[in-house]
Every structure is written in structure tokens, then in C-alpha cells.
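Shown next, in C-alpha cells, is the structure this report addresses.
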Amino acid sequence: MAETLTITSIGHEGDGIAETTSGRVYVPFTLPGETVAVEIEGERGHLVDIVTPSPERTAPACRHFTVCGGCTIQHWAAEPYQDWKRGLVATAFQQRGIETEIAPIVPVGPHTRRRAVFSLIKTDSGTVLGFHRRESHDVLAIEECPLLVPEIETRRERLAHLADRLLERGKRGRMTVIATDNGLDVALDEVKTPSRADYEALGRHSTDGIVARLTVNGAQIFMSRVPEIRTDAALLYPTPSGFLQATAPSETALARLVDAAVGKATPVADLFSGIGTFTLRLARRAPVLAVEGDTILLQALDRSMRFSKGIKTITARRRDLFVNPMAPPELKPFGAVVFDPPRAGAKAQSEMLAKSTVPKIVAVSCNPATLARDARILIDGGYRLTRVTPVDQFLWSGHVEVVAEFELARKSGPTARPVRLS
Ligand SMILES: C[S@@+](CC[C@H](N)C(=O)[O-])C[C@H]1O[C@@H](n2cnc3c(N)ncnc32)[C@H](O)[C@@H]1O
């Protein structure tokens with residue numbers, strides 16, 4: 001039987017929260033202040049009816065919202081939605097005992113997501129390309145996705161057709177698509193190994209002007225041109241399975257924040273550098289040491305370096321920074337260190353930085369919880385947190401990207417001498 005509850009806040013995944021005498025109930029697709037009729041199952045409330053809607057409720061941008069497993073919060077006006085995201089960052093820091101001002105979130109609009117991972121399934125009527133249904137492994141055929149750039153969104157049928165040949169009836173696969181400046185970079189995974197005839201058939205797409213590179217189960221099938229992304233500083237070369245910031249506007253915003261925070265500091269170490277998103281921009285002003293664990297990404301950075309003009313020396317090193325973080329003596333020469341680790345954060349590296357004398361540290365993170373943990377380590381080591389800026393890189397979800405800036409607050413000991421990187 002349905003019960004009537006009042007929603008008081010929104011949780012970190014975007015579900016409405018009602019406080020009841022038997023504890024919290026999470027009700028998806030509701031908003032603070034709303035009275036809702038729900039069927040309660042443990043901690044979950046299944047929405048039956050919105051009795052009193054919030055004046056902040058808006059029409060969702062996508063017809064698949066609430067059915068698709070992707071977005072969790074499209075039904076809220078921009079301002080309270082952005083305040084909520086900012087609040088997620090503030091809460092993560094508070095949970096580590098850090099009270100700090102959070103700058104307004106940098107908004108990122110729809111139709112900007114340039115990398116999509118689709119699920120595929122071959123049915124009797126052909127290959128379905130889409131996303132998982134909410135709380136299910138079923139593949140939902142999508143007719144639109146207002147997150148995606150048009151170069152991907154409008155080519156869904158064509159992409160499904162490309163995958164069709166390598167799927168058997170009833171079987172599933174995965175397709176990663178990156179929209180680059182000179183065509184789509186398409187990687188098919190968990191599909192059958194292509195036969196010689198498949199190679200020839202797939203190869204015909206190399207001349208269609210749409211697909212720049214096709215990779216199947218990790219092996220390159222064709223590359224009619226090297227996929228590239230033009231930025232304000234250099235050409236970036238994304239790899240089929242490696243990391244790429246999710247949208248171009250968020251990448252620009254992050255790079256500008258990093259650049260401004262580093263200022264005139266020199267030289268700079270860019271840790272977890274990937275394909276050089278920040279390295280290449282920073283190298284316009286200072287020599288940069290780029291450290292990354294993935295050889296393929298370092299090869300892509302090397303290509304960018306060779307095609308970039310007017311930049312200072314970039315030294316690229318492969319290193320596992322979880323197992324073997326840069327130690328204080330190695331960090332000593334740097335005027336600034338930038339680090340942008342995966343979701344797990346950079347605990348070991350932060351412990352080393354906390355003992356270092358690096359004057360400026362800039363942390364970029366897609367996980368406020370691990371960022372706050374690492375910030376605590378740096379603060380306890382004598383750094384001051386000077387600025388925290390969220391960027392809405394993951395629109396309509398509970399995920400948020402953050403840039404945090406630190407300055408050495410304790411006496412740094414002997415003055416760090418600049419070194420020449422070669
Ligand atoms: C969030 S991405 C950032 C990449 C880059 N800063 C950018 O903006 O494109 C994190 C990077 O850390 C790298 N990485 C993951 N684990 C690592 C490790 N243990 N040691 C070094 N690099 C690692 C990944 O390959 C990835 O390139």
C-alpha cells in the first residue's frame with residue numbers, strides 16, 4: 001500500500017530523501033519539498049504519485065529519463081541542481097573536517113559528451129545499440145541522448161549497423177565511441193573475432209568519412225586517419241580505450257583552472273598525465289615532467305609533443321604512482337605539481353607531497369570523497385587549501401569534477417632551486 005512522504009533533501013546519487021520514524025527512505029525522481037505517494041521496500045521508495053510537486057520541478061530533457069540507467073536528475077531547475085552539486089563537494093570536505101568555501105560550479109551544457117560507451121545486443125530484428133535500463137542488464141534502445149554530441153547521437157543507427165556483423169543472435173557486446181575532430185574513433189569489445197570476410201566488410205567503413213579508426217577486441221581493424229582533438233594549445237591524440245576528459249568545454253574549463261593555479265611556477269610536474277591534456281597547455285609557459293602509468297597514453301603524448309610548436313621541454317616518464325609515488329627529494333625541484341588521478345585518488349602520492357617543499361599543488365579529481373581524503377593529508381602536512389572549484393562535467397548525474405588548489409603554508413626549508421628538464 002502506498003504511503004505519503006515528504007522529501008527533505010537529495011542524496012549524493014540524486015535520489016530524494018524522506019526521513020521517517022523507521023529511518024531514511026530514498027525515492028528516485030523526487031525533489032525537496034515534494035509530498036509523494038510511494039511504495040516502500042526497505043530503504044527504497046517506489047514513486048507512485050507526486051502529490052505536491054516542487055515549483056523547482058522541470059520537464060526532463062530526454063524521453064528515456066527514468067527508464068534509462070544513465071541520468072538520475074534531469075527534473076530539477078538549473079540553479080538548485082547546481083547548488084546541490086556544489087553541496088556534494090562541500091559535504092565531502094566536511095566529512096574530512098575541512099571547512100572551505102566552494103566556488104560556484106562551472107556549468108557544462110547538454111550535447112557535449114564526446115565519449116560514449118554503448119551496450120549492444122543482437123535480437124531477431126537486428127542489433128540494438130543503447131544503454132542499460134535502470135537497475136537492469138537489459139539493453140534499452142535509445143532514440144535520443146541529449147548528453148551526446150550530435151556527431152555521435154545522430155549516428156546511432158549507423159553504429160549499430162557497424163556492430164551487427166560481429167554479433168551473434170542473443171549475444172551482447174560493447175561499443176566505445178569518441179567523437180574527434182576528424183571522425184569517430186570506434187572500439188568494439190566482447191564481440192566475435194572478425195574473419196577475413198568481416199575484415200573486408202568492416203574495412204569498407206574506412207572510406208565513409210565518418211569512422212576514422214575501428215578497433216575490435218583491442219586489435220586495430222583500420223585507421224583511415226589518426227583521430228585527433230584540437231585544443232587551445234595543441235593536438236591531442238585519444239586512444240581507443242584510454243582516458244579522455246568527457247566533454248570539450250569541461251576539459252577547457254579544467255585546463256584553465258589548472259593553468260591559472262600554476263601561474264608562473266616553474267618547472268611543473270603533471271602526475272597521472274594521460275595523453276597530456278594539462279601537460280601540453282602547461283608547457284607553453286614552463287618545462288613539464290609528465291608522469292603516467294599507461295605506455296599507450298605516453299605514446300600519444302609523444303606524438304602531440306612532436307607536432308607542437310613553441311612549447312618548453314616536456315619529459316615523459318612511465319611510472320606506477322600508486323606503488324612508486326614521487327618522493328620528496330624528486331619533488332624538490334618543482335615550482336608546482338598537478339595531479340589528476342583515477343577515482344581511487346592519489347593517497348600514496350599525497351603522503352609524499354605532504355612531506356615535500358613544493359610551493360603549489362593543484363589536484364583535479366572526479367571523486368570528491370578521495371579528493372577530500374587526499375586534501376586532508378596535504379593539509380596535515382602543512383599545506384593550505386586556497387580554492388575549490390567544481391566543474392559539472394557529468395551533467396544530470398551525481399558525479400562531479402573538482403579542482404582544488406593548495407599552497408605550502410609551513411616553512412619550506414631550503415629554497416627550491418629550479419632545474420632544467422631534458
Ligand atoms: C583521470 S585520468 C587523467 C588523465 C589526464 N590528466 C587528462 O586530463 O587527460 C587518470 C590517469 O591516471 C592514469 N593512472 C591510473 N593509475 C595509475 C597509476 N597507478 N600510476 C600512474 N598513472 C595511473 C590513467 O592511465 C589516466 O591516464
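So you can find residues: chains in the C-alpha cells are A, B, ... in the order shown, residues in each start at 1, and ligands are numbered from 1 in order.
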In region 181-354 of chain A, what's strand (DSSP E) per DSSP? Answer as an MDAnalysis selection string? chainID A and resid 183:189 211:216 219:223 229:230 235:236 268:271 288:292 314:318 336:339
How about saving the chosen residues, C-alpha atoms kept, as a short mmCIF file (atom, residue, chain, number, x, y, z; two decimals), in the first residue's frame?
data_model
loop_
_atom_site.label_atom_id
_atom_site.label_comp_id
_atom_site.auth_asym_id
_atom_site.auth_seq_id
_atom_site.Cartn_x
_atom_site.Cartn_y
_atom_site.Cartn_z
CA GLY A 183 35.94 11.37 -37.37
CA LEU A 184 34.68 8.80 -34.93
CA ASP A 185 37.08 6.57 -33.03
CA VAL A 186 35.10 3.34 -32.58
CA ALA A 187 36.13 0.39 -30.39
CA LEU A 188 34.05 -2.79 -30.30
CA ASP A 189 34.64 -5.17 -27.42
CA VAL A 211 34.75 6.43 -38.89
CA ALA A 212 38.40 7.41 -38.57
CA ARG A 213 39.52 4.28 -36.70
CA LEU A 214 37.94 0.95 -35.86
CA THR A 215 39.31 -1.33 -33.16
CA VAL A 216 37.82 -4.76 -32.42
CA ALA A 219 43.05 -5.04 -32.37
CA GLN A 220 43.03 -2.21 -34.90
CA ILE A 221 40.95 -3.13 -37.98
CA PHE A 222 41.58 0.07 -39.90
CA MET A 223 42.66 3.64 -39.40
CA ILE A 229 41.32 16.61 -30.95
CA ARG A 230 42.31 20.24 -31.38
CA LEU A 235 46.54 18.45 -30.84
CA LEU A 236 45.59 15.62 -28.50
CA VAL A 268 55.90 21.77 -13.29
CA ALA A 269 55.21 18.07 -12.67
CA ASP A 270 51.95 16.76 -14.16
CA LEU A 271 51.25 13.45 -12.40
CA VAL A 288 56.95 19.92 -17.62
CA LEU A 289 57.61 16.44 -16.30
CA ALA A 290 54.65 14.24 -17.31
CA VAL A 291 54.25 11.00 -15.33
CA GLU A 292 51.72 8.36 -16.35
CA ILE A 314 58.34 18.01 -21.85
CA THR A 315 59.89 14.97 -20.21
CA ALA A 316 57.57 11.96 -20.15
CA ARG A 317 58.05 9.04 -17.75
CA ARG A 318 56.12 5.83 -17.23
CA ALA A 336 54.18 23.32 -8.89
CA VAL A 337 52.75 19.81 -9.03
CA VAL A 338 49.46 18.97 -10.74
CA PHE A 339 47.85 15.59 -10.06
#
Give me the residues within 12 Å of Arg96 (chain A) as number ranges by chain, counting only C-alpha atoms and dropping any in the same chain fewer than 5 places off. A: 89-91, 368-380
At a cut-off of 6 Å, using only C-alpha atoms, what residues contact region 31-33 of chain A? Leave out same-chain residues fewer than 4 positions from it and give the result as a ChimeraX atom specification. /A:7-9,16
Dump C-alpha atoms for the selected residues as a PDB file, in the first residue's frame?
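Printed below is result31.pdb as written:
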ATOM      1  CA  ILE A   7      11.086  14.777   0.612  1.00  0.00           C
ATOM      2  CA  THR A   8      13.557  16.885   2.586  1.00  0.00           C
ATOM      3  CA  SER A   9      16.817  16.624   0.631  1.00  0.00           C
ATOM      4  CA  GLY A  16      15.086  12.285  -2.923  1.00  0.00           C
TER       5      GLY A  16
END
Mind listing the residues within 6 Å of ligand 1, only C-alpha atoms and all ligand atoms counted, as a PyMOL selection string? chain A and resi 243-245+272-277+292-294+319-322+340-342
Let me see the file: selected residues, C-alpha atoms, as a JSON list (two decimals), in the first residue's frame.
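Generated output (result23.json):
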[["chain", "number", "residue", "atom", "x", "y", "z"],
["A", 243, "PHE", "CA", 41.23, 8.18, -20.63],
["A", 244, "LEU", "CA", 39.77, 11.32, -22.20],
["A", 245, "GLN", "CA", 38.05, 14.17, -20.31],
["A", 272, "PHE", "CA", 48.71, 11.00, -13.92],
["A", 273, "SER", "CA", 49.19, 13.00, -17.11],
["A", 274, "GLY", "CA", 47.30, 10.73, -19.53],
["A", 275, "ILE", "CA", 47.61, 11.94, -23.13],
["A", 276, "GLY", "CA", 48.85, 15.33, -21.93],
["A", 277, "THR", "CA", 45.61, 17.28, -21.55],
["A", 292, "GLU", "CA", 51.72, 8.36, -16.35],
["A", 293, "GLY", "CA", 51.25, 4.62, -15.84],
["A", 294, "ASP", "CA", 49.97, 3.70, -19.31],
["A", 319, "ARG", "CA", 55.66, 5.07, -13.57],
["A", 320, "ASP", "CA", 53.09, 3.43, -11.29],
["A", 321, "LEU", "CA", 52.36, 6.28, -8.90],
["A", 322, "PHE", "CA", 50.29, 4.08, -6.57],
["A", 340, "ASP", "CA", 44.74, 14.13, -11.66],
["A", 341, "PRO", "CA", 44.37, 10.51, -10.52],
["A", 342, "PRO", "CA", 41.60, 7.97, -11.25]]
Please provide as a list in words all residues within 8 Å of Ala160 (chain A), with the sequence filter that same-chain residues fewer than 6 positions apart are discarded (counting only C-alpha atoms).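 After dropping sequence-adjacent residues, the list is Leu120, Thr127, Val128 and Leu129 of chain A.
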Write out the residues from the selection above, keeping C-alpha atoms, as a short mmCIF file (atom, residue, chain, number, x, y, z; two decimals), in the first residue's frame.
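Once written, result13.cif looks like this:
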data_model
loop_
_atom_site.label_atom_id
_atom_site.label_comp_id
_atom_site.auth_asym_id
_atom_site.auth_seq_id
_atom_site.Cartn_x
_atom_site.Cartn_y
_atom_site.Cartn_z
CA LEU A 120 24.82 -3.86 -27.76
CA THR A 127 21.46 -5.11 -33.39
CA VAL A 128 20.17 -2.85 -30.64
CA LEU A 129 22.53 -0.09 -29.51
#
9 Å contact set for Asp392 (chain A), only C-alpha atoms, chain neighbours under 6 positions out, as an MDAnalysis selection string: chainID A and resid 82 85 105:109 250 399:402
Those same residues - C-alpha atoms - I'd like them written as a PDB file, in the first residue's frame.
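Just written: selection_6.pdb:
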ATOM      1  CA  GLN A  82      23.946  23.319  -9.355  1.00  0.00           C
ATOM      2  CA  LYS A  85      26.289  19.564  -6.774  1.00  0.00           C
ATOM      3  CA  ILE A 105      30.127  25.257 -10.154  1.00  0.00           C
ATOM      4  CA  VAL A 106      31.283  25.748 -13.746  1.00  0.00           C
ATOM      5  CA  PRO A 107      28.248  24.637 -15.775  1.00  0.00           C
ATOM      6  CA  VAL A 108      28.550  22.360 -18.814  1.00  0.00           C
ATOM      7  CA  GLY A 109      25.682  22.190 -21.278  1.00  0.00           C
ATOM      8  CA  SER A 250      34.816  20.829 -19.235  1.00  0.00           C
ATOM      9  CA  HIS A 399      29.209  12.801 -10.369  1.00  0.00           C
ATOM     10  CA  VAL A 400      31.215  15.998 -10.312  1.00  0.00           C
ATOM     11  CA  GLU A 401      34.744  17.022 -11.301  1.00  0.00           C
ATOM     12  CA  VAL A 402      36.712  19.250  -8.915  1.00  0.00           C
TER      13      VAL A 402
END
List the spatial neighbours of region 132-141 of chain A as a PyMOL selection string - criterion: any atom at most 9 Å away, only C-alpha atoms, same-chain residues fewer than 4 positions off excluded. chain A and resi 64+66-70+118-121+128
If you keep C-alpha atoms, can you produce a file of those selected residues as a PDB file, in the first residue's frame?
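Full text of out.pdb as output:
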ATOM      1  CA  HIS A  64      14.198   7.957 -21.793  1.00  0.00           C
ATOM      2  CA  THR A  66      13.644   7.330 -15.529  1.00  0.00           C
ATOM      3  CA  VAL A  67      13.849   4.261 -17.793  1.00  0.00           C
ATOM      4  CA  CYS A  68      17.483   4.589 -18.938  1.00  0.00           C
ATOM      5  CA  GLY A  69      20.157   3.762 -16.356  1.00  0.00           C
ATOM      6  CA  GLY A  70      22.227   6.831 -17.266  1.00  0.00           C
ATOM      7  CA  PHE A 118      27.099   1.764 -25.585  1.00  0.00           C
ATOM      8  CA  SER A 119      25.746  -1.673 -24.795  1.00  0.00           C
ATOM      9  CA  LEU A 120      24.820  -3.860 -27.756  1.00  0.00           C
ATOM     10  CA  ILE A 121      22.569  -6.872 -28.164  1.00  0.00           C
ATOM     11  CA  VAL A 128      20.168  -2.852 -30.642  1.00  0.00           C
TER      12      VAL A 128
END
Between CA of Cys145 (chain A) and CA of Ser125 (chain A), what distance in Å does the model show, to one decimal? 22.0 Å
Interatomic distance (Å, one decimal) between CA of Leu331 (chain A) and CA of Pro287 (chain A): 14.1 Å
List the neighbours of Glu3 (chain A) out to 7 Å using only C-alpha atoms; skip same-chain residues closer than 4 positions along the sequence, and give me the result as a ChimeraX atom specification. /A:37-39
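Between Leu395 (chain A) and the residues A:Thr247, A:Val25, A:Leu159, A:Val191, the shortest atom-to-atom distance, using only C-alpha atoms, involves A:Thr247.
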Which residue gives the smallest distance to Ala179 (chain A) among A:Glu200, A:Glu56, A:Glu79, A:Glu228, with only C-alpha atoms counted?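 Going through A:Glu200, A:Glu56, A:Glu79, A:Glu228 one by one, the smallest distance to Ala179 (chain A) is for A:Glu228.
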